[in-house]
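Novice: Have a look at the structure that comes next, please.
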Amino acid sequence: MKNPIDIVSDSKHSLVHIGSLDSFDLTEGGKRAASDMLRYFDTHDLSCLKDAVKAYDRLIPVENFGGEYTALRWICKLLLAPASKIAKRFLDEPVVESWYRYLSDNNFEKLRLYIQYKYHFKDLTFGDMENSRMLRFLEDFILFSNPDRERWEKTARILRKLRIEPGLTVADVGCGSGYFTFKFADMVGPEGKVYGIEINPLHIEYLKSFVKTNNLRNVEIVTSNLDGIGLQPDVRADIVFSCSLFHVLYACFNETDRKAFIESIRRTLHPHGALIVMDNDLIKDGDLPYHGPYIAKDLLISQLHHYGFWLVKRVQVTKQRYALIFEQTKVSALPDNTNLEQGVISAMTGVSLVKYALADAAPSARYSEKGKQAAEMFYKALTDKQGFGTVADAYENIIPAERIGDEYTAFVWFCEVMKADEQIRSHMLSDSLAREYYDYFSADDFALLKRYLTQKYELSADIKEPIDNLMQIGEYIAFNNPARDRWEKTDEMLKYMGIKPGHVVADVGCGSGYFSYKFARMTGAGGKVYATEINKEALSYVESMRDRYQLNIIPVISALNDTKLPAGEIDTVFMCSMYHAVYVASIEFVKDAFIASIKNALKKDGRLIVVDNEISRAGIPDYYGSGIDRRLIISQLTHYGFRLVDEKQFIPQRYILIFQKESV
């Protein structure tokens with residue numbers, strides 16, 4: 001067997017992809033078929049369904065492997081079937097009947113919502129977490145409880161290879177709406193037991209309702225959390241099974257939570273029990289890739305070996321999907337291999353090569369108890385106009401241990417402004433951006449900042465005026481923070497970049513324009529700064545800043561697959577805290593097009609500067625957000641035609657990579 005240490009990054013393909021709702025695998029054909037279904041819901045014209053079925057029959061063999069097309073086609077076929085055949089042919093299984101009823105209730109209210117938002121007949125507004133969470137739930141519900149899932153997954157062939165026998169106890173971790181849970185219940189029989197383990201409350205509500213309605217005595221639904229699977233300490237399982245979860249566990253959990261989560265699996269398993277992991281594989285050749293998230297299996301094998309699981313069997317009935325069967329070992333880790341050849345990365349560690357913070361994570365996942373206590377103190381100080389020194393001290397004690405680069409230094413800055421005398425305060429606000437930042441949040445007696453603290457840190461259960469764009473406000477606080485240089489050493493970083501007057505710079509993914517503003521000063525009247533962003537609200541702020549201060553900034557509304565920059569004009573393309581998202585969240589052809597647009601925009605021998613965040617290292621506090629092992633960036637951009645010419649690190653949590661565009 002291949003050494004689980006050796007992970008080879010030998011192409012431009014990302015080793016792990018998390019996916020996003022704004023998926024570029026939506027084709028015109030898929031959108032037309034979805035439109036046909038919506039028209040049927042409004043008109044009940046059967047010809048609409050017939051057109052949709054014809055479209056799906058054309059599309060399914062050539063695109064969207066494992067996506068929703070087979071599920072939507074199945075619904076169309078049911079609606080076209082004679083009433084006498086529906087019960088026997090389509091709805092004879094309780095799990096299928098329940099799935100269909102959930103989507104079809106109230107004239108297909110839930111299915112309409114999914115199709116409208118998924119296919120962009122309606123667009124989610126920025127920060128609409130409620131509909132975003134519902135859409136993610138419905139996507140999982142439709143994909144994974146799909147009655148026609150066998151068609152693409154070959155589920156029965158996989159199950160025959162998984163050693164699940166009558167009388168066993170199975171823990172289905174991350175069970176979603178129970179597709180495998182209820183199959184396992186049949187397989188283990190009345191003498192066995194299945195625990196359906198899930199964290200999403202929408203799935204849990206559905207699961208509990210189904211179990212109660214169908215009186216399933218050998219199924220128990222368990223609520224898990226980020227640091228464990230949720231089973232009682234005395235529960236033991238013969239098999240722990242997890243499908244389409246470990247790419248999230250690998251990329252989106254911090255190391256502490258991931259270790260605790262996997263340790264809870266170890267505690268639950270009988271000594272000779274099996275951990276079975278199913279997920280989606282990286283496809284490099286001409287085969288149709290899985291429609292969404294995937295993770296190269298070697299990443300999982302290596303990391304799980306570190307945690308004491310040894311691979312004993314691989315099951316792969318399609319190229320897109322694999323199942324890995326592990327048993328526990330007494331050896332928790334192999335020695336680190338520090339002398340790996342070029343292009344080989346050590347992944348035999350509890351630290352993942354990428355860390356990707358999910359935007360719609362619960363607020364409590366984004367702060368500690370100390371952070372909440374400090375927020376309560378800060379809110380009180382803003383209300384009483386006293387106690388700012390104590391608040392600043394509280395944050396200064398937290399910052400070295402957590403949330404490096406987050407909003408805490410900004411909160412300290414506010415405290416320093418508030419406790420300063422008039423002369424010092426005037427100096428602190430002499431920079432135009434600092435003054436604008438302060439005025440924005442201090443208006444109406446700090447009303448917006450107080451609302452932000454209340455909602456972000458859950459200081460009250462009764463939020464009278466919730467902030468719709470909470471995430472955007474948080475990004476503005478953190479990224480335009482006047483005290484940002486304290487943790488980032490921004491001034492040293494900018495000096496190192498060597499941007500000169502007259503240069504043309506592109507700030508790709510500019511956010512609220514923190515670097516765009518600084519580049520405008522550095523390039524002067526003879527230069528240009530293109531500020532690109534997909535968030536129109538953030539870009540409108542940059543535009544207003546440009547107009548107010550008469551800056552040489554050109555705002556550009558970009559796309560995930562195109563920077564929209566002019567060809568051959570840019571001296572330096574700059575990306576800060578963004579490449580990890582390109583690597584992890586963009587599907588391959590979107591990433592290809594995005595990088596191609598950067599190359600096209602650069603002058604001959606133009607530079608690409610990538611600033612991103614380190615992943616965990618022993619003894620060094622983490623950057624609060626996403627990160628990526630720099631070797632993945634270097635390897636990938638090399639395959640895209642860039643040459644690394646220099647790199648620098650001013651703080652342990654952050655690095656700078658300077659690439660030169662290779663001449664053709």
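In the structure tokens, chains take letters A, B, ... by order of appearance, with residues numbered from 1 within each chain and ligands from 1 in the order shown.
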Can you check which residues of region 65-106 of chain A DSSP gives as alpha helix (DSSP H) on the backbone and send them as a list in words?

Specialist: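 Taking region 65-106 of chain A and keeping alpha helix (DSSP H) gives Tyr69, Thr70, Ala71, Leu72, Arg73, Trp74, Ile75, Cys76, Lys77, Leu78, Leu79, Leu80, Ala83, Ser84, Lys85, Pro94, Val95, Val96, Glu97, Ser98, Trp99, Tyr100, Arg101, Tyr102, Leu103, Ser104, Asp105 and Asn106 of chain A.
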
Novice: Would you output that residue set with N, CA and C atoms, as an mmCIF file, in the first residue's frame?

Specialist:
data_model
loop_
_atom_site.group_PDB
_atom_site.id
_atom_site.type_symbol
_atom_site.label_atom_id
_atom_site.label_comp_id
_atom_site.auth_asym_id
_atom_site.auth_seq_id
_atom_site.Cartn_x
_atom_site.Cartn_y
_atom_site.Cartn_z
ATOM 1 N N TYR A 69 -30.376 16.173 -10.874
ATOM 2 C CA TYR A 69 -31.157 15.909 -12.083
ATOM 3 C C TYR A 69 -31.966 14.619 -11.982
ATOM 4 N N THR A 70 -31.352 13.537 -11.463
ATOM 5 C CA THR A 70 -32.101 12.282 -11.387
ATOM 6 C C THR A 70 -33.271 12.406 -10.422
ATOM 7 N N ALA A 71 -33.104 13.178 -9.344
ATOM 8 C CA ALA A 71 -34.200 13.372 -8.390
ATOM 9 C C ALA A 71 -35.337 14.183 -9.018
ATOM 10 N N LEU A 72 -34.997 15.249 -9.736
ATOM 11 C CA LEU A 72 -36.026 16.080 -10.359
ATOM 12 C C LEU A 72 -36.729 15.317 -11.486
ATOM 13 N N ARG A 73 -35.976 14.524 -12.222
ATOM 14 C CA ARG A 73 -36.591 13.699 -13.264
ATOM 15 C C ARG A 73 -37.569 12.704 -12.644
ATOM 16 N N TRP A 74 -37.189 12.100 -11.514
ATOM 17 C CA TRP A 74 -38.049 11.134 -10.824
ATOM 18 C C TRP A 74 -39.375 11.790 -10.436
ATOM 19 N N ILE A 75 -39.321 13.007 -9.944
ATOM 20 C CA ILE A 75 -40.549 13.720 -9.571
ATOM 21 C C ILE A 75 -41.411 13.970 -10.804
ATOM 22 N N CYS A 76 -40.776 14.371 -11.886
ATOM 23 C CA CYS A 76 -41.532 14.591 -13.129
ATOM 24 C C CYS A 76 -42.224 13.309 -13.588
ATOM 25 N N LYS A 77 -41.509 12.192 -13.529
ATOM 26 C CA LYS A 77 -42.088 10.911 -13.960
ATOM 27 C C LYS A 77 -43.255 10.506 -13.064
ATOM 28 N N LEU A 78 -43.141 10.761 -11.780
ATOM 29 C CA LEU A 78 -44.255 10.465 -10.875
ATOM 30 C C LEU A 78 -45.486 11.286 -11.257
ATOM 31 N N LEU A 79 -45.290 12.556 -11.487
ATOM 32 C CA LEU A 79 -46.420 13.438 -11.799
ATOM 33 C C LEU A 79 -47.050 13.103 -13.148
ATOM 34 N N LEU A 80 -46.277 12.474 -14.017
ATOM 35 C CA LEU A 80 -46.810 12.073 -15.318
ATOM 36 C C LEU A 80 -47.480 10.699 -15.277
ATOM 37 N N ALA A 83 -52.610 7.688 -12.038
ATOM 38 C CA ALA A 83 -52.857 7.645 -10.596
ATOM 39 C C ALA A 83 -52.815 6.223 -10.054
ATOM 40 N N SER A 84 -53.244 5.253 -10.852
ATOM 41 C CA SER A 84 -53.295 3.864 -10.392
ATOM 42 C C SER A 84 -51.914 3.269 -10.179
ATOM 43 N N LYS A 85 -50.887 3.866 -10.810
ATOM 44 C CA LYS A 85 -49.541 3.299 -10.713
ATOM 45 C C LYS A 85 -48.651 4.039 -9.717
ATOM 46 N N PRO A 94 -41.878 3.727 2.529
ATOM 47 C CA PRO A 94 -42.155 4.863 3.422
ATOM 48 C C PRO A 94 -41.132 5.994 3.313
ATOM 49 N N VAL A 95 -39.833 5.651 3.150
ATOM 50 C CA VAL A 95 -38.829 6.712 3.076
ATOM 51 C C VAL A 95 -39.018 7.561 1.823
ATOM 52 N N VAL A 96 -39.409 6.924 0.738
ATOM 53 C CA VAL A 96 -39.621 7.647 -0.515
ATOM 54 C C VAL A 96 -40.889 8.486 -0.433
ATOM 55 N N GLU A 97 -41.950 7.882 0.090
ATOM 56 C CA GLU A 97 -43.222 8.601 0.219
ATOM 57 C C GLU A 97 -43.051 9.829 1.101
ATOM 58 N N SER A 98 -42.307 9.686 2.198
ATOM 59 C CA SER A 98 -42.084 10.811 3.112
ATOM 60 C C SER A 98 -41.283 11.913 2.434
ATOM 61 N N TRP A 99 -40.239 11.532 1.694
ATOM 62 C CA TRP A 99 -39.412 12.507 0.962
ATOM 63 C C TRP A 99 -40.261 13.297 -0.019
ATOM 64 N N TYR A 100 -41.076 12.588 -0.771
ATOM 65 C CA TYR A 100 -41.893 13.258 -1.783
ATOM 66 C C TYR A 100 -42.929 14.175 -1.136
ATOM 67 N N ARG A 101 -43.570 13.705 -0.080
ATOM 68 C CA ARG A 101 -44.591 14.526 0.574
ATOM 69 C C ARG A 101 -43.999 15.812 1.146
ATOM 70 N N TYR A 102 -42.795 15.710 1.671
ATOM 71 C CA TYR A 102 -42.156 16.901 2.229
ATOM 72 C C TYR A 102 -41.953 17.965 1.148
ATOM 73 N N LEU A 103 -41.525 17.533 -0.025
ATOM 74 C CA LEU A 103 -41.262 18.483 -1.106
ATOM 75 C C LEU A 103 -42.534 18.964 -1.794
ATOM 76 N N SER A 104 -43.580 18.137 -1.780
ATOM 77 C CA SER A 104 -44.778 18.469 -2.555
ATOM 78 C C SER A 104 -45.867 19.161 -1.734
ATOM 79 N N ASP A 105 -45.726 19.194 -0.417
ATOM 80 C CA ASP A 105 -46.746 19.848 0.414
ATOM 81 C C ASP A 105 -46.931 21.310 0.012
ATOM 82 N N ASN A 106 -48.176 21.755 0.169
ATOM 83 C CA ASN A 106 -48.516 23.161 -0.104
ATOM 84 C C ASN A 106 -48.101 23.557 -1.522
#

Novice: With a distance cut-off of 7 Å and only C-alpha atoms, select the neighbouring residues of region 394-404 of chain A, excluding the residue or stretch itself and same-chain residues fewer than 5 positions from it, and output the selection as a VMD selection string.

Specialist: chain A and resid 374 412 621 to 624

Novice: For C-alpha atoms, I'd like the residues from the last selection saved as a short mmCIF file (atom, residue, chain, number, x, y, z; two decimals), in the first residue's frame.

Specialist:
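Saved result, out_28.cif, follows:
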data_model
loop_
_atom_site.label_atom_id
_atom_site.label_comp_id
_atom_site.auth_asym_id
_atom_site.auth_seq_id
_atom_site.Cartn_x
_atom_site.Cartn_y
_atom_site.Cartn_z
CA ALA A 374 -15.39 40.82 26.59
CA VAL A 412 -9.17 47.83 21.44
CA PRO A 621 -1.95 30.87 17.76
CA ASP A 622 -4.09 30.42 14.66
CA TYR A 623 -5.24 33.13 12.32
CA TYR A 624 -8.95 33.34 13.09
#

Novice: What residues in region 194-387 of chain A get the DSSP label strand (DSSP E)? Please answer as an mmCIF file with C-alpha atoms, in the first residue's frame.

Specialist:
data_model
loop_
_atom_site.group_PDB
_atom_site.id
_atom_site.type_symbol
_atom_site.label_atom_id
_atom_site.label_comp_id
_atom_site.auth_asym_id
_atom_site.auth_seq_id
_atom_site.Cartn_x
_atom_site.Cartn_y
_atom_site.Cartn_z
ATOM 1 C CA VAL A 194 -28.830 2.287 14.285
ATOM 2 C CA TYR A 195 -27.958 5.725 15.612
ATOM 3 C CA GLY A 196 -28.744 8.492 13.122
ATOM 4 C CA ILE A 197 -26.330 11.265 14.110
ATOM 5 C CA GLU A 198 -26.757 14.772 12.722
ATOM 6 C CA VAL A 219 -33.395 3.702 15.188
ATOM 7 C CA GLU A 220 -32.424 6.495 17.560
ATOM 8 C CA ILE A 221 -31.741 10.063 16.421
ATOM 9 C CA VAL A 222 -28.822 11.799 18.135
ATOM 10 C CA THR A 223 -27.779 15.451 17.945
ATOM 11 C CA ALA A 237 -20.897 0.573 17.905
ATOM 12 C CA ASP A 238 -19.666 -2.208 15.659
ATOM 13 C CA ILE A 239 -19.553 0.202 12.729
ATOM 14 C CA VAL A 240 -19.239 3.963 12.518
ATOM 15 C CA PHE A 241 -20.297 5.068 9.048
ATOM 16 C CA SER A 242 -20.024 8.513 7.522
ATOM 17 C CA CYS A 243 -20.967 9.596 4.004
ATOM 18 C CA LEU A 269 -16.134 1.897 18.293
ATOM 19 C CA HIS A 270 -15.666 -1.605 19.650
ATOM 20 C CA PRO A 271 -11.932 -2.492 19.633
ATOM 21 C CA HIS A 272 -12.387 -4.553 16.477
ATOM 22 C CA GLY A 273 -15.052 -2.319 14.962
ATOM 23 C CA ALA A 274 -14.788 -0.573 11.595
ATOM 24 C CA LEU A 275 -14.890 3.054 10.575
ATOM 25 C CA ILE A 276 -16.348 3.361 7.067
ATOM 26 C CA VAL A 277 -15.876 6.658 5.236
ATOM 27 C CA MET A 278 -17.625 7.393 1.930
ATOM 28 C CA ASP A 279 -16.792 10.500 -0.041
ATOM 29 C CA ASN A 280 -16.218 11.854 -3.529
ATOM 30 C CA TYR A 294 -14.738 16.084 -3.081
ATOM 31 C CA ILE A 295 -11.512 15.187 -1.320
ATOM 32 C CA PHE A 309 -7.032 4.246 11.988
ATOM 33 C CA TRP A 310 -5.434 1.909 9.462
ATOM 34 C CA LEU A 311 -6.958 1.391 6.018
ATOM 35 C CA VAL A 312 -7.942 -2.247 5.452
ATOM 36 C CA LYS A 313 -10.136 -2.042 2.355
ATOM 37 C CA ARG A 314 -11.003 0.307 -0.505
ATOM 38 C CA VAL A 315 -14.372 0.110 -2.226
ATOM 39 C CA GLN A 316 -14.770 2.029 -5.466
ATOM 40 C CA VAL A 317 -17.559 1.000 -7.813
ATOM 41 C CA THR A 318 -17.467 4.316 -9.715
ATOM 42 C CA ARG A 321 -17.176 7.807 -5.337
ATOM 43 C CA TYR A 322 -15.211 5.721 -2.861
ATOM 44 C CA ALA A 323 -15.677 3.971 0.462
ATOM 45 C CA LEU A 324 -12.715 3.408 2.770
ATOM 46 C CA ILE A 325 -12.868 0.830 5.578
ATOM 47 C CA PHE A 326 -10.578 1.448 8.555
ATOM 48 C CA GLU A 327 -9.786 -0.464 11.711
ATOM 49 C CA GLN A 328 -8.222 0.943 14.841
ATOM 50 C CA VAL A 344 5.358 15.618 -2.165
ATOM 51 C CA ILE A 345 3.686 17.038 0.938
ATOM 52 C CA SER A 346 3.534 15.418 4.345
ATOM 53 C CA VAL A 354 -6.479 23.703 4.126
ATOM 54 C CA LYS A 355 -8.778 25.427 6.605
#

Novice: Using only C-alpha atoms, determine which residues lie at most 8 Å from Gly524 (chain A), disregarding the query and same-chain residues fewer than 3 positions distant; provide the list as a list in words.

Specialist: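 So the residues in contact are Pro501, Gly502, Ala520, Arg521, Gly527, Lys528 and Asn552 of chain A.
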
Novice: Write out, as a CSV table (one decimal), in the first residue's frame, the residues just selected, with N, CA and C atoms.

Specialist:
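Writing done, so here's selection_16.csv:
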chain,number,residue,atom,x,y,z
A,501,PRO,N,5.2,54.6,-7.7
A,501,PRO,CA,4.4,55.6,-8.4
A,501,PRO,C,4.3,55.2,-9.9
A,502,GLY,N,3.1,55.4,-10.5
A,502,GLY,CA,2.9,55.1,-11.9
A,502,GLY,C,2.5,53.6,-12.2
A,520,ALA,N,-3.6,53.2,-3.9
A,520,ALA,CA,-3.9,54.4,-4.6
A,520,ALA,C,-2.9,55.5,-4.1
A,521,ARG,N,-2.5,55.5,-2.9
A,521,ARG,CA,-1.5,56.4,-2.4
A,521,ARG,C,-0.2,56.1,-2.9
A,527,GLY,N,-0.6,56.5,-11.6
A,527,GLY,CA,-0.9,55.1,-11.6
A,527,GLY,C,-2.4,54.8,-11.6
A,528,LYS,N,-2.7,53.5,-11.5
A,528,LYS,CA,-4.1,53.1,-11.5
A,528,LYS,C,-4.3,52.0,-10.5
A,552,ASN,N,-7.3,57.4,-7.5
A,552,ASN,CA,-7.1,56.8,-8.8
A,552,ASN,C,-7.6,55.3,-8.8

Novice: Find the residues around Ala596 (chain A) up to 10 Å (only C-alpha atoms counted), leave out those fewer than 5 positions away in its own chain, and share them as a list in words.

Specialist: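 Contacts, with the query itself left out: Asn561, Asp562, Thr563, Val590, Lys591, Ala601, Tyr640 and Gly641 of chain A.
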
Novice: Go ahead and dump the residues you just picked, N, CA, C and O atoms, as an mmCIF file, in the first residue's frame.

Specialist:
data_model
loop_
_atom_site.group_PDB
_atom_site.id
_atom_site.type_symbol
_atom_site.label_atom_id
_atom_site.label_comp_id
_atom_site.auth_asym_id
_atom_site.auth_seq_id
_atom_site.Cartn_x
_atom_site.Cartn_y
_atom_site.Cartn_z
ATOM 1 N N ASN A 561 -15.413 33.421 -12.007
ATOM 2 C CA ASN A 561 -14.595 32.846 -13.077
ATOM 3 C C ASN A 561 -13.910 33.900 -13.937
ATOM 4 O O ASN A 561 -13.329 33.575 -14.969
ATOM 5 N N ASP A 562 -13.957 35.172 -13.518
ATOM 6 C CA ASP A 562 -13.377 36.222 -14.359
ATOM 7 C C ASP A 562 -13.139 37.469 -13.514
ATOM 8 O O ASP A 562 -14.073 38.022 -12.926
ATOM 9 N N THR A 563 -11.886 37.928 -13.474
ATOM 10 C CA THR A 563 -11.581 39.163 -12.752
ATOM 11 C C THR A 563 -12.124 40.398 -13.456
ATOM 12 O O THR A 563 -12.221 41.463 -12.845
ATOM 13 N N VAL A 590 -13.981 26.673 -13.257
ATOM 14 C CA VAL A 590 -14.124 28.048 -12.780
ATOM 15 C C VAL A 590 -12.758 28.577 -12.349
ATOM 16 O O VAL A 590 -12.378 29.713 -12.679
ATOM 17 N N LYS A 591 -12.020 27.762 -11.616
ATOM 18 C CA LYS A 591 -10.667 28.143 -11.200
ATOM 19 C C LYS A 591 -9.765 28.353 -12.411
ATOM 20 O O LYS A 591 -8.994 29.322 -12.461
ATOM 21 N N ALA A 601 -4.539 39.555 -17.813
ATOM 22 C CA ALA A 601 -4.503 40.964 -17.404
ATOM 23 C C ALA A 601 -3.083 41.460 -17.160
ATOM 24 O O ALA A 601 -2.809 42.664 -17.305
ATOM 25 N N TYR A 640 -0.050 26.444 -13.469
ATOM 26 C CA TYR A 640 -0.778 27.445 -14.253
ATOM 27 C C TYR A 640 0.156 28.413 -14.982
ATOM 28 O O TYR A 640 -0.311 29.346 -15.637
ATOM 29 N N GLY A 641 1.462 28.245 -14.850
ATOM 30 C CA GLY A 641 2.396 29.085 -15.597
ATOM 31 C C GLY A 641 2.935 30.270 -14.826
ATOM 32 O O GLY A 641 3.279 31.297 -15.430
#

Novice: Applying 12 Å and only C-alpha atoms, which residues near Ser209 (chain A) remain after dropping the ones on its own chain fewer than 2 positions away? List them as a ChimeraX atom specification.

Specialist: /A:95,98-99,102,177-178,202-207,211-216,220-221

Novice: Restricted to C-alpha atoms, what would the selected residues look like written as a PDB file, in the first residue's frame?

Specialist:
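Written file, result34.pdb:
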ATOM      1  CA  VAL A  95     -38.829   6.712   3.076  1.00  0.00           C
ATOM      2  CA  SER A  98     -42.084  10.811   3.112  1.00  0.00           C
ATOM      3  CA  TRP A  99     -39.412  12.507   0.962  1.00  0.00           C
ATOM      4  CA  TYR A 102     -42.156  16.901   2.229  1.00  0.00           C
ATOM      5  CA  SER A 177     -32.185  12.978   6.300  1.00  0.00           C
ATOM      6  CA  GLY A 178     -31.483   9.293   6.831  1.00  0.00           C
ATOM      7  CA  LEU A 202     -33.655  20.844   9.931  1.00  0.00           C
ATOM      8  CA  HIS A 203     -32.462  17.308   9.238  1.00  0.00           C
ATOM      9  CA  ILE A 204     -32.993  16.331  12.880  1.00  0.00           C
ATOM     10  CA  GLU A 205     -36.579  17.570  12.844  1.00  0.00           C
ATOM     11  CA  TYR A 206     -37.296  15.537   9.707  1.00  0.00           C
ATOM     12  CA  LEU A 207     -35.571  12.399  11.051  1.00  0.00           C
ATOM     13  CA  VAL A 211     -38.956   7.648  13.103  1.00  0.00           C
ATOM     14  CA  LYS A 212     -42.023   8.495  15.190  1.00  0.00           C
ATOM     15  CA  THR A 213     -44.485   8.223  12.298  1.00  0.00           C
ATOM     16  CA  ASN A 214     -43.103   4.837  11.223  1.00  0.00           C
ATOM     17  CA  ASN A 215     -42.514   3.495  14.752  1.00  0.00           C
ATOM     18  CA  LEU A 216     -38.895   2.509  14.053  1.00  0.00           C
ATOM     19  CA  GLU A 220     -32.424   6.495  17.560  1.00  0.00           C
ATOM     20  CA  ILE A 221     -31.741  10.063  16.421  1.00  0.00           C
TER      21      ILE A 221
END
